[in-house]
>>> print(open('protein_25.cif').read())   # mmCIF, C-alpha atoms (C1' of nucleotides)
data_structure
loop_
_atom_site.label_atom_id
_atom_site.label_comp_id
_atom_site.auth_asym_id
_atom_site.auth_seq_id
_atom_site.Cartn_x
_atom_site.Cartn_y
_atom_site.Cartn_z
CA MET A 1 133.30 93.74 66.58
CA ASP A 2 130.67 95.59 64.58
CA LYS A 3 128.68 97.81 66.93
CA ARG A 4 126.02 98.59 64.37
CA GLU A 5 125.32 94.86 64.03
CA ASP A 6 125.30 94.44 67.80
CA ILE A 7 122.75 97.23 68.15
CA LEU A 8 120.51 95.82 65.42
CA GLN A 9 120.62 92.34 66.92
CA ALA A 10 119.87 93.56 70.45
CA ALA A 11 117.04 95.78 69.24
CA LEU A 12 115.58 92.92 67.18
CA GLU A 13 115.39 90.60 70.15
CA LEU A 14 114.02 93.21 72.53
CA PHE A 15 111.43 94.58 70.11
CA ALA A 16 110.29 91.03 69.32
CA GLU A 17 109.92 90.17 72.99
CA ARG A 18 108.71 93.43 74.56
CA GLY A 19 107.42 95.51 71.67
CA TYR A 20 108.56 98.90 70.45
CA HIS A 21 107.16 101.11 73.20
CA GLY A 22 108.02 98.50 75.81
CA THR A 23 111.72 98.65 74.96
CA ALA A 24 113.80 101.52 76.34
CA VAL A 25 116.76 102.68 74.26
CA SER A 26 118.99 102.29 77.31
CA LEU A 27 117.98 98.62 77.42
CA ILE A 28 119.05 98.13 73.81
CA ALA A 29 122.36 99.82 74.63
CA GLU A 30 122.90 97.57 77.63
CA LYS A 31 122.13 94.38 75.68
CA ALA A 32 124.35 95.48 72.77
CA LYS A 33 127.09 96.40 75.26
CA VAL A 34 127.47 99.93 73.93
CA GLY A 35 126.82 103.34 75.44
CA SER A 36 123.33 104.61 74.73
CA GLY A 37 124.82 107.53 72.84
CA THR A 38 126.47 105.17 70.39
CA ILE A 39 123.07 104.12 69.10
CA TYR A 40 122.61 107.69 67.89
CA ARG A 41 125.84 107.54 65.92
CA TYR A 42 124.32 104.83 63.74
CA PHE A 43 120.62 105.71 63.78
CA GLN A 44 118.86 109.04 63.72
CA ASP A 45 116.45 107.98 66.43
CA LYS A 46 114.54 105.00 67.81
CA GLU A 47 111.99 105.19 65.01
CA GLN A 48 114.61 104.99 62.28
CA LEU A 49 116.13 102.00 64.06
CA VAL A 50 112.89 100.05 64.10
CA ASN A 51 112.22 100.86 60.44
CA GLU A 52 115.69 99.84 59.37
CA LEU A 53 115.25 96.55 61.21
CA TYR A 54 111.87 95.98 59.64
CA ARG A 55 113.05 96.58 56.09
CA TYR A 56 116.16 94.50 56.57
CA TRP A 57 114.38 91.40 57.83
CA LYS A 58 111.39 91.74 55.53
CA THR A 59 113.85 91.65 52.64
CA GLU A 60 115.79 88.76 54.19
CA VAL A 61 112.71 86.51 54.40
CA ALA A 62 111.79 87.30 50.81
CA LYS A 63 115.34 86.50 49.68
CA ALA A 64 115.47 83.25 51.63
CA VAL A 65 112.17 82.11 50.16
CA LYS A 66 113.03 83.02 46.57
CA GLU A 67 116.69 82.14 46.14
CA ASP A 68 117.58 79.37 43.71
CA LEU A 69 113.91 78.63 43.22
CA ALA A 70 113.32 77.05 39.82
CA ASP A 71 110.60 78.84 37.92
CA ASN A 72 108.03 76.88 35.91
CA LEU A 73 107.51 74.49 38.82
CA PRO A 74 103.92 73.29 39.14
CA LEU A 75 102.09 75.50 41.63
CA ARG A 76 101.60 72.73 44.18
CA THR A 77 105.35 72.05 44.18
CA LEU A 78 106.12 75.75 44.38
CA PHE A 79 103.79 76.01 47.35
CA HIS A 80 105.49 73.13 49.10
CA GLU A 81 108.94 74.58 48.52
CA THR A 82 107.88 78.04 49.71
CA TRP A 83 106.17 76.64 52.78
CA SER A 84 109.26 74.66 53.75
CA ARG A 85 111.57 77.60 53.31
CA TRP A 86 109.26 79.80 55.30
CA VAL A 87 109.23 77.32 58.18
CA GLU A 88 112.98 76.97 58.00
CA PHE A 89 113.46 80.72 58.12
CA ALA A 90 111.04 81.24 61.00
CA MET A 91 112.67 78.51 63.06
CA LYS A 92 116.21 79.72 62.37
CA ASN A 93 115.28 83.34 63.01
CA ARG A 94 112.62 83.30 65.68
CA ALA A 95 113.27 86.85 66.84
CA ALA A 96 113.21 88.18 63.29
CA TYR A 97 109.98 86.47 62.26
CA SER A 98 108.34 87.25 65.58
CA PHE A 99 109.39 90.89 65.20
CA LEU A 100 108.00 91.04 61.67
CA ILE A 101 104.52 89.77 62.49
CA ALA A 102 104.29 91.91 65.63
CA HIS A 103 105.11 95.10 63.73
CA HIS A 104 103.22 94.27 60.56
CA HIS A 105 100.74 97.16 60.78
CA ALA A 106 102.53 99.38 63.33
CA PRO A 107 101.84 103.10 63.03
CA TYR A 108 105.52 104.03 63.37
CA LEU A 109 106.47 102.15 60.20
CA ASP A 110 107.42 104.78 57.64
CA GLN A 111 106.55 105.07 53.96
CA ALA A 112 109.59 103.11 52.82
CA SER A 113 108.75 100.18 55.11
CA VAL A 114 105.14 100.12 53.98
CA ALA A 115 106.29 100.21 50.35
CA ILE A 116 108.59 97.20 50.80
CA ASN A 117 105.79 95.40 52.56
CA GLU A 118 103.39 95.91 49.68
CA LYS A 119 105.98 95.02 47.09
CA ILE A 120 106.76 91.66 48.69
CA HIS A 121 103.10 90.99 49.43
CA GLY A 122 102.39 91.52 45.73
CA GLU A 123 105.15 89.13 44.69
CA TYR A 124 103.51 86.32 46.63
CA ARG A 125 100.00 87.22 45.54
CA ILE A 126 100.84 86.99 41.86
CA PHE A 127 101.41 83.25 42.19
CA PHE A 128 97.96 82.73 43.61
CA GLU A 129 96.47 84.91 40.88
CA ILE A 130 98.09 82.72 38.25
CA GLY A 131 96.87 79.61 40.03
CA ARG A 132 93.41 81.08 40.04
CA GLN A 133 93.50 81.62 36.29
CA GLU A 134 94.73 78.09 35.82
CA GLN A 135 91.77 76.94 37.93
CA ILE A 136 94.07 75.31 40.47
CA ILE A 137 93.29 77.83 43.21
CA LYS A 138 89.78 78.73 44.41
CA ASP A 139 88.04 81.47 42.46
CA ILE A 140 88.05 83.98 45.33
CA ASN A 141 89.73 87.32 46.09
CA PRO A 142 93.51 86.69 46.05
CA GLU A 143 93.80 88.90 49.12
CA LEU A 144 91.70 86.36 50.97
CA ILE A 145 93.96 83.57 49.74
CA MET A 146 96.92 85.53 51.09
CA ALA A 147 95.16 86.07 54.41
CA ILE A 148 94.43 82.35 54.70
CA VAL A 149 98.02 81.30 54.02
CA THR A 150 99.73 83.92 56.15
CA GLY A 151 97.10 83.58 58.86
CA ILE A 152 97.60 79.83 59.21
CA PHE A 153 101.35 80.12 59.05
CA SER A 154 101.84 82.91 61.56
CA GLU A 155 99.32 81.50 64.03
CA MET A 156 101.07 78.13 63.84
CA MET A 157 104.41 79.77 64.63
CA ARG A 158 102.90 81.80 67.48
CA GLU A 159 101.47 78.68 69.08
CA TYR A 160 104.75 76.89 68.62
CA TRP A 161 106.65 79.69 70.33
CA ALA A 162 104.05 79.87 73.09
CA GLY A 163 104.84 76.20 73.75
CA HIS A 164 101.41 74.90 72.77
CA LEU A 165 102.46 73.12 69.61
CA GLN A 166 105.34 70.81 68.77
CA LEU A 167 106.62 71.51 65.27
CA THR A 168 107.52 68.02 64.12
CA PRO A 169 108.16 67.45 60.42
CA GLU A 170 104.84 65.59 60.23
CA LEU A 171 102.94 68.47 61.77
CA ILE A 172 104.57 70.93 59.38
CA ASP A 173 103.47 68.76 56.47
CA GLN A 174 99.98 68.40 57.89
CA ALA A 175 99.69 72.15 58.25
CA GLU A 176 100.90 72.66 54.70
CA GLU A 177 98.41 70.14 53.36
CA ALA A 178 95.55 71.68 55.35
CA CYS A 179 96.53 75.09 54.04
CA TRP A 180 96.57 73.78 50.50
CA HIS A 181 93.13 72.23 51.01
CA ALA A 182 91.89 75.64 52.08
CA ILE A 183 93.01 77.40 48.93
CA ARG A 184 92.86 74.74 46.17
CA ARG A 185 89.85 74.50 43.95
CA MET B 1 76.79 108.64 83.34
CA ASP B 2 78.92 105.72 84.49
CA LYS B 3 82.54 106.83 84.68
CA ARG B 4 83.85 103.32 85.09
CA GLU B 5 82.23 102.34 81.79
CA ASP B 6 83.56 105.48 80.11
CA ILE B 7 87.08 104.68 81.26
CA LEU B 8 86.85 101.06 80.08
CA GLN B 9 85.51 102.10 76.69
CA ALA B 10 88.16 104.79 76.17
CA ALA B 11 90.94 102.46 77.26
CA LEU B 12 89.64 99.72 74.97
CA GLU B 13 89.75 101.93 71.90
CA LEU B 14 93.14 103.41 72.71
CA PHE B 15 94.79 100.10 73.59
CA ALA B 16 93.39 98.56 70.41
CA GLU B 17 94.73 101.38 68.26
CA ARG B 18 98.01 102.32 69.95
CA GLY B 19 98.87 99.37 72.15
CA TYR B 20 99.36 99.22 75.89
CA HIS B 21 102.72 100.96 76.21
CA GLY B 22 101.76 103.42 73.48
CA THR B 23 98.76 104.67 75.46
CA ALA B 24 99.29 107.19 78.26
CA VAL B 25 96.89 107.08 81.19
CA SER B 26 96.28 110.82 80.74
CA LEU B 27 95.10 110.08 77.19
CA ILE B 28 92.59 107.55 78.49
CA ALA B 29 91.36 110.15 80.99
CA GLU B 30 90.99 112.77 78.30
CA LYS B 31 89.07 110.45 75.97
CA ALA B 32 86.82 109.27 78.82
CA LYS B 33 86.32 112.90 79.90
CA VAL B 34 87.41 112.27 83.47
CA GLY B 35 90.36 113.49 85.49
CA SER B 36 93.34 111.16 85.38
CA GLY B 37 93.05 110.67 89.13
CA THR B 38 89.53 109.31 88.71
CA ILE B 39 90.90 106.30 86.87
CA TYR B 40 92.67 105.31 90.06
CA ARG B 41 89.42 105.38 91.99
CA TYR B 42 88.19 102.51 89.83
CA PHE B 43 91.37 100.62 89.00
CA GLN B 44 94.43 99.87 91.07
CA ASP B 45 96.77 100.74 88.22
CA LYS B 46 97.15 100.65 84.45
CA GLU B 47 97.96 96.95 84.50
CA GLN B 48 94.82 96.03 86.39
CA LEU B 49 92.83 98.10 83.90
CA VAL B 50 94.19 96.26 80.89
CA ASN B 51 93.61 92.90 82.54
CA GLU B 52 90.05 93.75 83.52
CA LEU B 53 89.37 94.80 79.93
CA TYR B 54 90.91 91.64 78.58
CA ARG B 55 88.90 89.32 80.78
CA TYR B 56 85.69 91.24 80.20
CA TRP B 57 85.86 91.10 76.41
CA LYS B 58 87.27 87.60 76.23
CA THR B 59 84.22 86.47 78.17
CA GLU B 60 81.89 88.59 76.03
CA VAL B 61 83.02 86.96 72.78
CA ALA B 62 82.64 83.52 74.28
CA LYS B 63 79.14 84.39 75.49
CA ALA B 64 78.09 85.86 72.14
CA VAL B 65 79.31 82.77 70.31
CA LYS B 66 77.65 80.29 72.67
CA GLU B 67 74.29 81.81 73.63
CA ASP B 68 71.14 80.06 72.49
CA LEU B 69 73.22 77.63 70.51
CA ALA B 70 71.37 74.35 70.08
CA ASP B 71 73.51 71.42 71.08
CA ASN B 72 73.49 68.20 69.05
CA LEU B 73 73.85 70.21 65.84
CA PRO B 74 75.98 68.45 63.21
CA LEU B 75 79.54 69.72 63.46
CA ARG B 76 79.48 71.39 60.05
CA THR B 77 76.38 73.36 61.05
CA LEU B 78 77.88 74.22 64.40
CA PHE B 79 80.98 75.46 62.64
CA HIS B 80 78.93 77.64 60.33
CA GLU B 81 76.94 79.13 63.18
CA THR B 82 80.06 79.81 65.24
CA TRP B 83 81.86 81.36 62.28
CA SER B 84 78.92 83.69 61.59
CA ARG B 85 78.63 84.79 65.19
CA TRP B 86 82.33 85.35 65.37
CA VAL B 87 82.23 87.57 62.30
CA GLU B 88 79.22 89.43 63.64
CA PHE B 89 80.92 90.05 66.95
CA ALA B 90 84.17 91.21 65.39
CA MET B 91 82.37 93.62 63.07
CA LYS B 92 80.13 95.04 65.79
CA ASN B 93 83.01 95.33 68.24
CA ARG B 94 86.05 96.14 66.17
CA ALA B 95 87.96 97.74 69.03
CA ALA B 96 87.23 94.82 71.33
CA TYR B 97 88.28 92.09 68.90
CA SER B 98 91.26 94.08 67.72
CA PHE B 99 92.30 94.60 71.33
CA LEU B 100 91.94 90.90 72.09
CA ILE B 101 94.14 89.64 69.28
CA ALA B 102 96.74 92.35 69.89
CA HIS B 103 97.08 91.42 73.56
CA HIS B 104 96.72 87.67 73.15
CA HIS B 105 100.18 86.77 74.47
CA ALA B 106 101.12 90.04 76.20
CA PRO B 107 103.51 89.73 79.14
CA TYR B 108 101.45 92.04 81.37
CA LEU B 109 98.44 89.72 81.29
CA ASP B 110 98.10 88.28 84.78
CA GLN B 111 97.36 84.73 85.90
CA ALA B 112 93.60 85.25 85.94
CA SER B 113 93.59 86.50 82.35
CA VAL B 114 95.73 83.62 81.16
CA ALA B 115 93.43 81.18 82.96
CA ILE B 116 90.30 82.56 81.27
CA ASN B 117 92.13 82.38 77.98
CA GLU B 118 92.94 78.73 78.39
CA LYS B 119 89.49 77.86 79.62
CA ILE B 120 87.79 79.38 76.56
CA HIS B 121 90.41 77.98 74.21
CA GLY B 122 89.66 74.54 75.63
CA GLU B 123 85.92 74.96 75.13
CA TYR B 124 86.43 75.50 71.42
CA ARG B 125 89.00 72.77 71.07
CA ILE B 126 86.74 70.11 72.50
CA PHE B 127 84.43 70.42 69.49
CA PHE B 128 87.27 69.71 67.11
CA GLU B 129 88.37 66.79 69.26
CA ILE B 130 84.91 65.29 69.00
CA GLY B 131 84.88 65.91 65.26
CA ARG B 132 88.20 64.16 65.03
CA GLN B 133 86.85 61.09 66.81
CA GLU B 134 83.84 61.11 64.53
CA GLN B 135 86.28 61.18 61.61
CA ILE B 136 84.82 64.43 60.32
CA ILE B 137 87.88 66.49 61.17
CA LYS B 138 91.42 65.69 60.04
CA ASP B 139 93.35 63.31 62.28
CA ILE B 140 95.90 65.90 63.41
CA ASN B 141 96.78 67.70 66.65
CA PRO B 142 93.68 69.65 67.74
CA GLU B 143 95.94 72.57 68.66
CA LEU B 144 96.90 72.79 64.99
CA ILE B 145 93.22 72.76 64.03
CA MET B 146 92.67 75.64 66.46
CA ALA B 147 95.64 77.52 65.03
CA ILE B 148 94.30 77.09 61.50
CA VAL B 149 90.84 78.37 62.35
CA THR B 150 91.88 81.29 64.55
CA GLY B 151 94.75 82.12 62.22
CA ILE B 152 92.53 82.41 59.17
CA PHE B 153 89.87 84.30 61.04
CA SER B 154 92.06 86.87 62.73
CA GLU B 155 94.18 87.50 59.64
CA MET B 156 91.02 88.02 57.62
CA MET B 157 89.79 90.62 60.12
CA ARG B 158 93.18 92.34 60.21
CA GLU B 159 93.23 92.68 56.44
CA TYR B 160 89.67 93.92 56.48
CA TRP B 161 90.50 96.59 59.05
CA ALA B 162 93.63 97.53 57.15
CA GLY B 163 91.38 98.23 54.18
CA HIS B 164 92.80 95.47 51.99
CA LEU B 165 89.73 93.24 52.00
CA GLN B 166 86.03 93.93 51.57
CA LEU B 167 84.01 91.72 53.90
CA THR B 168 81.00 90.97 51.73
CA PRO B 169 78.66 88.15 52.80
CA GLU B 170 80.02 86.09 49.89
CA LEU B 171 83.61 86.59 50.99
CA ILE B 172 82.74 85.64 54.55
CA ASP B 173 81.15 82.43 53.27
CA GLN B 174 84.10 81.72 51.01
CA ALA B 175 86.48 82.15 53.93
CA GLU B 176 84.38 79.85 56.08
CA GLU B 177 84.28 77.20 53.37
CA ALA B 178 88.02 77.45 52.78
CA CYS B 179 88.60 77.12 56.51
CA TRP B 180 86.38 74.06 56.64
CA HIS B 181 88.27 72.53 53.73
CA ALA B 182 91.46 73.02 55.68
CA ILE B 183 90.26 71.10 58.71
CA ARG B 184 87.78 68.51 57.38
CA ARG B 185 88.89 64.99 56.68
"C1'" DC C 1 162.37 103.79 67.96
"C1'" DT C 2 159.97 106.75 71.07
"C1'" DA C 3 157.25 110.60 72.24
"C1'" DT C 4 153.70 113.55 71.03
"C1'" DC C 5 149.72 114.75 68.73
"C1'" DC C 6 145.30 114.22 66.69
"C1'" DG C 7 140.62 112.75 64.79
"C1'" DG C 8 136.74 110.69 65.70
"C1'" DA C 9 134.43 106.59 67.80
"C1'" DC C 10 132.57 106.07 71.97
"C1'" DT C 11 130.66 106.70 76.70
"C1'" DG C 12 127.32 107.74 80.24
"C1'" DA C 13 125.86 111.61 83.08
"C1'" DA C 14 122.69 115.15 82.34
"C1'" DC C 15 118.75 117.39 80.03
"C1'" DG C 16 114.04 118.37 79.07
"C1'" DT C 17 109.96 115.77 78.43
"C1'" DT C 18 106.52 112.51 79.36
"C1'" DC C 19 104.95 108.95 82.05
"C1'" DA C 20 102.14 106.54 85.94
"C1'" DT C 21 100.58 107.60 90.18
"C1'" DT C 22 99.37 110.51 94.31
"C1'" DC C 23 97.44 114.24 96.62
"C1'" DC C 24 94.55 117.88 97.89
"C1'" DG C 25 90.92 121.17 97.58
"C1'" DC C 26 86.54 121.85 95.63
"C1'" DA C 27 81.84 120.40 94.50
"C1'" DT C 28 78.05 117.61 95.45
"C1'" DT C 29 75.09 115.08 98.18
"C1'" DA C 30 73.04 113.69 102.49
"C1'" DT D 1 78.26 119.87 108.86
"C1'" DA D 2 80.19 115.55 107.33
"C1'" DA D 3 81.15 112.36 103.85
"C1'" DT D 4 82.10 111.15 99.31
"C1'" DG D 5 83.36 111.73 94.35
"C1'" DC D 6 86.07 113.91 91.47
"C1'" DG D 7 89.50 116.88 88.66
"C1'" DG D 8 93.76 118.10 87.59
"C1'" DA D 9 98.10 120.04 89.45
"C1'" DA D 10 101.94 117.96 91.69
"C1'" DT D 11 105.40 114.31 92.08
"C1'" DG D 12 109.23 111.51 91.14
"C1'" DA D 13 110.68 107.88 88.10
"C1'" DA D 14 111.73 106.70 83.50
"C1'" DC D 15 112.03 108.00 78.95
"C1'" DG D 16 114.52 109.51 74.37
"C1'" DT D 17 118.09 112.32 73.18
"C1'" DT D 18 122.30 115.23 73.65
"C1'" DC D 19 126.93 116.48 74.49
"C1'" DA D 20 131.24 117.33 77.07
"C1'" DG D 21 134.71 114.64 77.78
"C1'" DT D 22 137.51 109.98 77.38
"C1'" DC D 23 139.88 106.77 74.90
"C1'" DC D 24 142.55 104.62 71.32
"C1'" DG D 25 145.01 103.66 67.06
"C1'" DG D 26 147.53 105.70 63.69
"C1'" DA D 27 150.12 109.75 61.88
"C1'" DT D 28 153.83 112.92 62.76
"C1'" DA D 29 158.02 114.83 64.89
"C1'" DG D 30 162.23 114.32 67.10
#
>>> encode(input="protein_25.cif", output="structure tokens")
Amino acid sequence: MDKREDILQAALELFAERGYHGTAVSLIAEKAKVGSGTIYRYFQDKEQLVNELYRYWKTEVAKAVKEDLADNLPLRTLFHETWSRWVEFAMKNRAAYSFLIAHHHAPYLDQASVAINEKIHGEYRIFFEIGRQEQIIKDINPELIMAIVTGIFSEMMREYWAGHLQLTPELIDQAEEACWHAIRR
Amino acid sequence: MDKREDILQAALELFAERGYHGTAVSLIAEKAKVGSGTIYRYFQDKEQLVNELYRYWKTEVAKAVKEDLADNLPLRTLFHETWSRWVEFAMKNRAAYSFLIAHHHAPYLDQASVAINEKIHGEYRIFFEIGRQEQIIKDINPELIMAIVTGIFSEMMREYWAGHLQLTPELIDQAEEACWHAIRR
DNA sequence: CTATCCGGACTGAACGTTCATTCCGCATTA
DNA sequence: TAATGCGGAATGAACGTTCAGTCCGGATAG
């Protein structure tokens, strides 16, 4: 019984559902089945808790997307593989992905969290920059390419979680293809 | 000097920047230069205030996008016109658009707000459904089409406001074209 | 083996602060 | 004078955080 894990898990779910300011520390304690004081044995304060969560899951997604990924795949194949893994992660870890997009630009994220964010963002962007040079991807600002891909993906997940969209394998493929049409030359 | 307007404007900017739970009523009062009690002369409580704001601006965007819009335009032209108006609105009313996307699925939105949401959502979707029948738009779930378009658009604005993207007229056109490529047949 | 002791993980009541909301007296207008 | 609009101090609930005390498993003493 790892209390630190229990606290992180409870906080993740509550922050994802109710937001940072909408979640009282006592509520996290209750859900994690610990005394509220215990939270302060593991985390300096509420802000450190949310940052630790953010960095942990941001890194987890990046790991899940990258691991055992053959390099020198053609870009279209790489895109397909990445898209699939992203979907798989988001569906397996709804609270985590939901938490990440909700806190993406939150003012209480500290320097370290912002740094991790930019690092990972850059790792994805580089692929589109290469594709652009190879004239596979549209000749437009790679930041816009990133916005298109992440925008489509996160909105699709939001609508799925809101119950407006059924994520069948066909729909996931259709979304991927549409996304590719948006960014390919 | 209309205090009700002052309160709505102050609340809009604060909610957009700091979120609902992150904004104290006293802060709204200070920014609007009224006593905190005055807010309760115009609004039942904080929740009614946020809902009134939401419905007001949701309706405003819809109006701005629709007004004086010729019907029987070809869908591609209609899409261009809508995209342009949407951009114009978002840039002229940063706080309002930012507020709207931040509170899109918030749990404190009441029935009336959700109803307006669905009504306007449906008005947009119908165009894509027609385009689908006319075989101009991809033969996929119209909700996915909606998610693609709103996802690209709102992510683009977020990145612009975060300072990561310069919204030049060319970039706006490029984004529109990319978005069209995603959804056209 | 049993009894006693001990460190520190843990709890939750309590603290000071901040919150949303109410209340009341003053100012303004009629 | 009476009625209304308003500001901001007052109120109590809820917040994040603290801390005195409890509990428990293992070390020590008998």
>>> interface_residues(input="protein_25.cif", of="chain C", to="chain A", cutoff="12 Å", atoms="all atoms listed in the file", output="PyMOL selection string")
chain C and resi 8-13
>>> closest_residue(input="protein_25.cif", among="D:DA14, D:DA27, D:DA2, D:DA20", to="chain A", atoms="only C-alpha atoms (C1' of nucleotides)")
D:DA14
>>> residues_around(input="protein_25.cif", residues="stretch 86-97 of chain B", least_positions_apart="5", cutoff="7 Å", atoms="only C-alpha atoms (C1' of nucleotides)", output="count of residues only")
6
>>> resolve_selection(input="protein_25.cif", expression="the PyMOL selection byres ((chain B) within 7 of (chain A))", output="list in words")
His21, Gly22, Glu143, Leu144, Ala147, Ile148, Gly151, Ile152, Glu155, Met156, Leu165, Ala178, Cys179, His181, Ala182 and Ile183 of chain B
>>> atom_distance(input="protein_25.cif", atom1="atom CA of A:Arg55", atom2="atom CA of A:Arg125")
19.2 Å
>>> interface_residues(input="protein_25.cif", of="chain A", to="chain D", cutoff="8 Å", atoms="all atoms listed in the file", output="JSON, numbers by chain")
{"A": [24, 25, 46]}
